[in-house]
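> Here you go, one structure.
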Amino acid sequence: MKFPGQRKSKHYFPVESRDPLTNELNPVIRPKHTHVTGIDQTLVDIEARVDDDFISRHKLIKGNSMLINDEAAHALYQELQQQDLVSAEFAGGTIGNTLHNYSTLADDRSVMFGVMSANLQIGSYAYRYLCNTSSRVDLNHLQPVDGSIGRCFTLITECGERTFAISKGSMDKLRAEFIDEELVKTSSSLVLTAYLMRAGGDPITEAAMTAIGYAKAADVPVVLTLGTRFLIEQDPQFWRDFISEHVTVLAMNEEEAEALTGEADPLLACQAALEWADLILCTAGPSGLYTAGWSDEDFKRETSHPLLPGAISEFNQHEFSRPMRRQYCDKPLKVYSHIAPFMGGPEKISNTNGAGDGALAALLHDMSANDYHKLNLPQSSKHRYSGLCYSSFAQICKYANRVSYEVLAQHSPRLSRGLPDREDSLEEAYWER
């Protein structure tokens with residue numbers, strides 16, 4: 001596993017780097033590895049530039065998102081291809097993007113549960129999905145289905161308006177028996193999206209709940225990303241109860257945070273959400289991103305950064321503390337951290353869809369690194385208390401922020417490589433401070 005983030009002082013990570021004074025006394029032991037698991041609705045994102053007549057001809061509503069059946073999706077795609085209107089096709093899905101980015105960053109295994117077309121044809125949606133997914137993502141546990149995977153068409157008109165047409169195909173047909181209990185129980189985290197809980201009676205909801213049951217039985221953190229504000233604002237109390245009962249780590253953007261908590265200020269929304277989850281990652285667009293969570297009074301660490309004003313005065317005072325689960329804190333303390341967009345954000349933003357998925361992948365990497373280190377160096381002073389992550393709140397902010405920038409600056413929501421080892425455009429101080 002790669003080191004999470006970039007720091008000059010790598011402490012005692014990776015675990016292969018041992019003390020030269022004791023190397024001769026201790027035989028070289030092959031490191032024990034961990035993995036993360038996730039459940040997703042497998043789909044392909046198809047982007048095309050069209051005119052208003054195209055929107056009307058396919059009975060779509062400009063600027064809206066609509067579900068369409070397989071027949072309509074086939075006709076739409078066929079016309080796009082005939083007129084050479086398709087500008088991009090990417091493997092999609094929130095969890096699929098997150099797992100791909102995790103494996104790219106960590107150079108480590110992730111396991112995805114979902115469906116895949118049993119009969120693959122060159123150039124088909126399923127073929128494109130597989131071609132655009134990291135080889136470190138284990139797809140061997142996908143459930144074969146007779147139909148197509150999901151397709152999400154993003155149709156951009158000349159005025160810049162985006163119209164979405166979504167064909168579910170068989171993406172919600174995942175059954176509970178295709179969730180591998182042992183893989184979930186031995187993972188560092190189980191990652192889910194809120195969409196899975198609103199599948200309209202399809203079996204993927206039961207499959208997700210089965211996986212959550214396995215994770216909770218083994219004390220594996222359950223990570224939930226909210227997906228869209230429209231889904232949350234339909235029944236915010238349902239989601240509060242669901243998070244409180246099942247979720248360890250919550251990822252959201254500022255709009256989803258407001259829909260969930262009623263607080264427009266991201267910091268206050270994070271504060272409210274800490275009553276239901278142990279760790280919060282909240283992306284806030286041009287304002288940057290926040291992390292919030294719990295630590296113990298006995299293990300708190302003061303920041304060396306300037307104290308920040310906000311809805312909670314000097315909220316980043318203890319941001320050098322490491323996140324913990326609230327249940328493992330004898331004296332629970334709420335901790336917050338914030339960071340502005342990396343380098344002010346890209347000069348040109350090519351894609352906003354995957355920025356949150358990139359930030360979450362960085363957080364998962366840090367959580368998994370903590371497990372990896374604990375598995376291989378259990379006697380380390382790093383583990384004298386039960387931390388949820390390897391790094392501090394502040395360091396996680398920096399890492400998540402840097403990965404988000406990388407996704408925003410490219411067209412695809414999926415990273416083609418990890419962060420560069422050296423960045424000539426970046427002050428060393430970004431990682432050192």
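By convention here, the chains of the structure tokens are called A, B, ... in the order presented, each chain's residues are numbered starting at 1, and ligands are numbered starting at 1 in the order presented.
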Contacts of Ser117 (chain A) at 12 Å or less, counting only C-alpha atoms, minus same-chain residues fewer than 2 places along, as number ranges by chain?
A: 42-43, 114-115, 119-121, 124-130, 142-150, 169-171, 173-174
> Excluding region 189-204 of chain A and its own-chain neighbours fewer than 3 positions away, which residues fall within 9 Å of it when counting only C-alpha atoms? Please give them as a PyMOL selection string.
chain A and resi 35-41+94-95+98-99+114+171-176+184-186+207-209+211-212+215+220-228+231-232+239+364+367-368
> To one decimal place in Å, what is the distance between CA of Met66 (chain A) and CA of Ala361 (chain A)?
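These two atoms are separated by 28.5 Å.
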> Where does DSSP see alpha helix (DSSP H) in region 116-251 of chain A, if you list the residues as a PyMOL selection string?
chain A and resi 125-131+181-185+204-217+229-233+236-246
> How many Å separate CA of Ser287 (chain A) from CA of Ile243 (chain A)?
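Computing it gives 25.3 Å between the two atoms.
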> Residues of region 110-230 of chain A in strand (DSSP E or B) according to DSSP, as a ChimeraX atom specification?
/A:110-113,115-117,137-138,143-145,150-156,162-167,190-193,222-225
> Could the residues in this selection be written to a file with C-alpha atoms, as a PDB file, in the first residue's frame?

```pdb
ATOM      1  CA  SER A 110     -10.893  -2.935  -3.541  1.00  0.00           C
ATOM      2  CA  VAL A 111     -13.852  -5.248  -4.121  1.00  0.00           C
ATOM      3  CA  MET A 112     -17.033  -4.147  -5.852  1.00  0.00           C
ATOM      4  CA  PHE A 113     -20.408  -5.850  -5.597  1.00  0.00           C
ATOM      5  CA  VAL A 115     -24.140  -6.588 -11.644  1.00  0.00           C
ATOM      6  CA  MET A 116     -22.519  -7.070 -15.026  1.00  0.00           C
ATOM      7  CA  SER A 117     -23.893  -8.196 -18.391  1.00  0.00           C
ATOM      8  CA  VAL A 137     -10.617  -3.187  -8.409  1.00  0.00           C
ATOM      9  CA  ASP A 138     -11.726  -6.797  -7.941  1.00  0.00           C
ATOM     10  CA  GLN A 143     -23.481 -10.868 -10.395  1.00  0.00           C
ATOM     11  CA  PRO A 144     -24.042 -11.817 -14.064  1.00  0.00           C
ATOM     12  CA  VAL A 145     -27.333 -10.577 -15.570  1.00  0.00           C
ATOM     13  CA  GLY A 150     -27.257   1.219 -16.422  1.00  0.00           C
ATOM     14  CA  ARG A 151     -26.724   4.163 -18.749  1.00  0.00           C
ATOM     15  CA  CYS A 152     -26.782   7.844 -17.827  1.00  0.00           C
ATOM     16  CA  PHE A 153     -26.978  10.253 -20.772  1.00  0.00           C
ATOM     17  CA  THR A 154     -25.842  13.828 -20.158  1.00  0.00           C
ATOM     18  CA  LEU A 155     -27.177  15.897 -23.055  1.00  0.00           C
ATOM     19  CA  ILE A 156     -25.712  19.401 -23.299  1.00  0.00           C
ATOM     20  CA  ARG A 162     -27.697  19.810 -19.084  1.00  0.00           C
ATOM     21  CA  THR A 163     -30.515  17.297 -19.532  1.00  0.00           C
ATOM     22  CA  PHE A 164     -30.192  13.832 -18.010  1.00  0.00           C
ATOM     23  CA  ALA A 165     -31.764  10.619 -19.294  1.00  0.00           C
ATOM     24  CA  ILE A 166     -31.195   7.543 -17.138  1.00  0.00           C
ATOM     25  CA  SER A 167     -31.861   3.980 -18.161  1.00  0.00           C
ATOM     26  CA  LEU A 190     -17.886  -0.911   3.393  1.00  0.00           C
ATOM     27  CA  VAL A 191     -18.842   1.943   1.043  1.00  0.00           C
ATOM     28  CA  LEU A 192     -22.430   2.603  -0.030  1.00  0.00           C
ATOM     29  CA  THR A 193     -24.504   5.317  -1.699  1.00  0.00           C
ATOM     30  CA  VAL A 222     -19.901   1.672   7.119  1.00  0.00           C
ATOM     31  CA  VAL A 223     -19.324   4.660   4.832  1.00  0.00           C
ATOM     32  CA  LEU A 224     -22.304   6.376   3.187  1.00  0.00           C
ATOM     33  CA  THR A 225     -22.210   9.037   0.474  1.00  0.00           C
TER      34      THR A 225
END
```
> I'd like the neighbourhood of Tyr399 (chain A) as a PyMOL selection string, where a residue qualifies if any of its atoms comes within 9 Å (using only C-alpha atoms), though same-chain residues fewer than 2 positions away should be ignored.
chain A and resi 4-6+359+362-363+394-397+401-404+431
> Counting only C-alpha atoms, what is within 7 Å of Ala106 (chain A), bar same-chain residues fewer than 6 positions away, as a list of chain:residue names?
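What passes the distance filter is A:Met1, A:Lys2, A:His365.
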> Would you mind exporting N, CA and C atoms of the selected residues as a PDB file, in the first residue's frame?

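Result saved to result-v3.pdb:
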```
ATOM      1  N   MET A   1       0.838  -1.192   0.000  1.00  0.00           N
ATOM      2  CA  MET A   1       0.000   0.000   0.000  1.00  0.00           C
ATOM      3  C   MET A   1       0.875   1.244   0.000  1.00  0.00           C
ATOM      4  N   LYS A   2       0.479   2.241  -0.810  1.00  0.00           N
ATOM      5  CA  LYS A   2       1.203   3.502  -0.826  1.00  0.00           C
ATOM      6  C   LYS A   2       0.885   4.318   0.424  1.00  0.00           C
ATOM      7  N   HIS A 365      -8.564   5.798   1.746  1.00  0.00           N
ATOM      8  CA  HIS A 365      -7.152   5.406   1.735  1.00  0.00           C
ATOM      9  C   HIS A 365      -6.548   5.590   3.120  1.00  0.00           C
TER      10      HIS A 365
END
```
